[in-house]
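Undergrad: So here's work12.txt, just compact mmCIF, C-alpha atoms and all ligand atoms:
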# COMPACT_ATOMS: atom_id res chain seq x y z
CA MET U 1 99.76 113.34 141.78
CA SER U 2 102.74 111.74 140.08
CA MET U 3 103.29 111.60 136.36
CA SER U 4 106.05 109.05 136.57
CA GLY U 5 105.56 105.44 135.54
CA ALA U 6 106.07 103.08 132.66
CA GLN U 7 104.69 104.01 129.31
CA VAL U 8 102.77 101.21 127.66
CA PRO U 9 102.91 101.20 123.88
CA GLY U 10 99.26 100.84 123.07
CA ASP U 11 99.36 100.22 119.35
CA MET U 12 102.27 97.81 119.20
CA LEU U 13 100.68 94.47 118.54
CA GLN U 14 102.83 91.38 118.47
CA CYS U 15 102.41 88.59 115.95
CA GLN U 16 100.21 85.91 117.49
CA VAL U 17 102.05 82.98 115.96
CA LEU U 18 103.72 80.96 118.69
CA ARG U 19 107.20 82.23 119.58
CA CYS U 20 107.16 84.91 116.89
CA GLN U 21 108.53 88.17 118.31
CA ARG U 22 107.83 90.35 115.30
CA ARG U 23 105.45 93.24 115.27
CA ALA U 24 102.08 92.49 113.73
CA THR U 25 101.42 94.47 110.60
CA ARG U 26 98.09 93.02 109.53
CA SER U 27 95.23 90.83 110.60
CA PHE U 28 94.24 87.35 109.55
CA VAL U 29 90.92 85.57 110.00
CA VAL U 30 91.26 82.07 111.37
CA GLU U 31 88.53 79.47 111.19
CA ASP U 32 87.97 76.92 113.86
CA GLU U 33 85.54 73.99 113.80
CA ILE U 34 84.44 74.62 117.36
CA TRP U 35 84.88 78.33 117.91
CA GLY U 36 84.16 79.66 114.47
CA LEU U 37 85.88 82.70 113.07
CA ALA U 38 88.36 84.83 114.94
CA GLU U 39 90.61 87.68 113.90
CA VAL U 40 94.26 87.57 114.87
CA ALA U 41 97.21 89.90 114.36
CA VAL U 42 100.16 88.57 112.41
CA CYS U 43 103.44 89.86 111.07
CA LYS U 44 104.08 90.32 107.36
CA HIS U 45 105.92 87.02 107.09
CA HIS U 46 103.32 84.85 108.81
CA GLY U 47 100.50 86.65 107.04
CA ALA U 48 101.98 85.58 103.71
CA VAL U 49 102.49 82.03 104.94
CA LEU U 50 98.91 81.78 106.16
CA ASP U 51 97.62 83.24 102.90
CA SER U 52 99.43 80.50 101.01
CA GLY U 53 97.27 77.90 102.69
CA TYR U 54 99.74 76.58 105.22
CA SER U 55 98.04 74.50 107.88
CA TYR U 56 97.66 76.05 111.29
CA SER U 57 95.76 75.66 114.53
CA TYR U 58 94.35 78.46 116.62
CA ASN U 59 94.22 78.14 120.39
CA HIS U 60 91.47 80.33 121.79
CA GLU U 61 92.57 79.92 125.39
CA ASP U 62 96.10 81.12 124.76
CA ASN U 63 95.13 83.35 121.85
CA VAL U 64 98.01 81.97 119.82
CA ILE U 65 98.47 80.31 116.44
CA TYR U 66 100.35 77.04 116.14
CA MET U 67 102.13 76.31 112.89
CA GLY U 68 104.50 73.69 111.54
CA ARG U 69 105.88 71.29 114.11
CA ASP U 70 103.96 73.04 116.87
CA LEU U 71 100.79 71.59 115.36
CA ARG U 72 101.80 68.16 116.54
CA SER U 73 101.81 68.13 120.29
CA PRO U 74 103.95 65.39 121.80
CA GLU U 75 101.86 62.38 122.67
CA PRO U 76 102.03 61.33 126.29
CA GLY U 77 103.88 58.09 126.69
CA GLY U 78 104.90 58.03 123.07
CA SER U 79 107.91 55.76 122.70
CA GLY U 80 109.48 56.85 119.45
CA ALA U 81 108.54 55.84 115.96
ZN ZN K 1 104.97 86.21 112.90
For this file, write the structure as structure tokens.
TA:
Amino acid sequence: MSMSGAQVPGDMLQCQVLRCQRRATRSFVVEDEIWGLAEVAVCKHHGAVLDSGYSYSYNHEDNVIYMGRDLRSPEPGGSGA
């Protein structure tokens, strides 16, 4: 029986906002028209931003929050505006 192997940090949650690499320090409840309520883990910074009423979108499949310009996905075939 070997005791070697990688240690997985069990209680180190990462912020679930897209591309955010910070450690989550709190939770935030997101509301989705289709899926209803879900609880996500966010860092201090994004928690404050979400509390302030900033618009966001929660993707249940990827378990990630989109904010800011990530909310607007590029339209296929869009030819500038
Ligand atoms: Zn964050």
Undergrad: Please check which protein, DNA or RNA residues sit within 10 Å of ligand ZN 1 (chain K), counting all atoms listed in the file, and write them as a list in words.
TA: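 Those residues are Gln14, Cys15, Gln16, Val17, Leu18, Arg19, Cys20, Gln21, Arg22, Arg23, Ala24, Thr25, Ala41, Val42, Cys43, Lys44, His45, His46, Gly47, Ala48, Val49 and Ile65 of chain U.
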Undergrad: Report, in Å with one decimal, the straight-line distance from CA of Asp51 (chain U) to CA of Asp70 (chain U).
TA: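 Computing it gives 18.4 Å between the two atoms.
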Undergrad: Between CA of Ser55 (chain U) and CA of Met12 (chain U), measure the distance and give it in Å to one decimal.
TA: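 These two atoms are separated by 26.3 Å.
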Undergrad: Please determine, counting only C-alpha atoms, which residue among U:Leu37, U:Tyr54, U:Val29, U:Leu13 has the shortest atom-to-atom distance to Tyr66 (chain U).
TA: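 Under the stated criterion, the closest residue is U:Tyr54.
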Undergrad: What gap, in Å, lies between CA of Val30 (chain U) and CA of Asn59 (chain U)?
TA: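 Interatomic distance here is 10.3 Å.
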Undergrad: For region 39-52 of chain U, take all atoms listed in the file, fit an axis-aligned box around them, add 8 Å to each of the six sides, then output centre and edge lengths in Å rounded to one decimal, as lines of an AutoDock Vina configuration file.
TA:
center_x = 98.3
center_y = 85.4
center_z = 107.9
size_x = 31.3
size_y = 25.8
size_z = 29.9
Undergrad: Could you please fill out region 33-62 of chain U with N, CA and C atoms and send it back as a CSV table (one decimal), in the coordinates of the input?
TA:
chain,number,residue,atom,x,y,z
U,33,GLU,N,86.7,74.8,113.9
U,33,GLU,CA,85.5,74.0,113.8
U,33,GLU,C,84.6,74.3,115.0
U,34,ILE,N,85.2,74.5,116.1
U,34,ILE,CA,84.4,74.6,117.4
U,34,ILE,C,84.1,76.1,117.6
U,35,TRP,N,85.1,77.0,117.5
U,35,TRP,CA,84.9,78.3,117.9
U,35,TRP,C,84.4,79.3,116.8
U,36,GLY,N,84.6,78.8,115.6
U,36,GLY,CA,84.2,79.7,114.5
U,36,GLY,C,85.3,80.6,114.0
U,37,LEU,N,84.9,81.8,113.6
U,37,LEU,CA,85.9,82.7,113.1
U,37,LEU,C,86.4,83.6,114.2
U,38,ALA,N,87.7,83.9,114.0
U,38,ALA,CA,88.4,84.8,114.9
U,38,ALA,C,89.4,85.6,114.2
U,39,GLU,N,89.6,86.8,114.6
U,39,GLU,CA,90.6,87.7,113.9
U,39,GLU,C,91.9,87.8,114.8
U,40,VAL,N,93.0,87.5,114.1
U,40,VAL,CA,94.3,87.6,114.9
U,40,VAL,C,95.2,88.6,114.2
U,41,ALA,N,96.2,89.0,114.9
U,41,ALA,CA,97.2,89.9,114.4
U,41,ALA,C,98.5,89.1,114.0
U,42,VAL,N,99.0,89.3,112.8
U,42,VAL,CA,100.2,88.6,112.4
U,42,VAL,C,101.2,89.5,111.8
U,43,CYS,N,102.4,89.1,111.7
U,43,CYS,CA,103.4,89.9,111.1
U,43,CYS,C,103.3,89.6,109.6
U,44,LYS,N,104.1,90.4,108.8
U,44,LYS,CA,104.1,90.3,107.4
U,44,LYS,C,104.4,88.9,106.9
U,45,HIS,N,105.4,88.3,107.5
U,45,HIS,CA,105.9,87.0,107.1
U,45,HIS,C,104.8,86.0,107.3
U,46,HIS,N,104.3,85.9,108.5
U,46,HIS,CA,103.3,84.8,108.8
U,46,HIS,C,102.0,85.1,108.1
U,47,GLY,N,101.7,86.4,107.8
U,47,GLY,CA,100.5,86.6,107.0
U,47,GLY,C,100.6,86.0,105.7
U,48,ALA,N,101.8,86.1,105.0
U,48,ALA,CA,102.0,85.6,103.7
U,48,ALA,C,101.9,84.1,103.8
U,49,VAL,N,102.5,83.5,104.8
U,49,VAL,CA,102.5,82.0,104.9
U,49,VAL,C,101.1,81.5,105.1
U,50,LEU,N,100.3,82.2,105.9
U,50,LEU,CA,98.9,81.8,106.2
U,50,LEU,C,98.1,81.9,104.9
U,51,ASP,N,98.3,83.0,104.2
U,51,ASP,CA,97.6,83.2,102.9
U,51,ASP,C,97.9,82.1,101.9
U,52,SER,N,99.1,81.5,102.0
U,52,SER,CA,99.4,80.5,101.0
U,52,SER,C,98.8,79.2,101.3
U,53,GLY,N,98.0,79.1,102.4
U,53,GLY,CA,97.3,77.9,102.7
U,53,GLY,C,98.0,76.9,103.6
U,54,TYR,N,99.0,77.4,104.3
U,54,TYR,CA,99.7,76.6,105.2
U,54,TYR,C,98.8,76.2,106.4
U,55,SER,N,98.9,75.0,106.8
U,55,SER,CA,98.0,74.5,107.9
U,55,SER,C,98.4,75.1,109.2
U,56,TYR,N,97.4,75.4,110.0
U,56,TYR,CA,97.7,76.0,111.3
U,56,TYR,C,96.6,75.6,112.3
U,57,SER,N,96.8,75.9,113.5
U,57,SER,CA,95.8,75.7,114.5
U,57,SER,C,95.7,76.9,115.5
U,58,TYR,N,94.5,77.3,115.8
U,58,TYR,CA,94.4,78.5,116.6
U,58,TYR,C,93.9,78.0,118.0
U,59,ASN,N,94.6,78.5,119.0
U,59,ASN,CA,94.2,78.1,120.4
U,59,ASN,C,93.5,79.3,121.0
U,60,HIS,N,92.2,79.2,121.3
U,60,HIS,CA,91.5,80.3,121.8
U,60,HIS,C,91.8,80.7,123.2
U,61,GLU,N,92.2,79.7,124.0
U,61,GLU,CA,92.6,79.9,125.4
U,61,GLU,C,93.8,80.7,125.5
U,62,ASP,N,94.8,80.4,124.7
U,62,ASP,CA,96.1,81.1,124.8
U,62,ASP,C,96.2,82.3,123.8
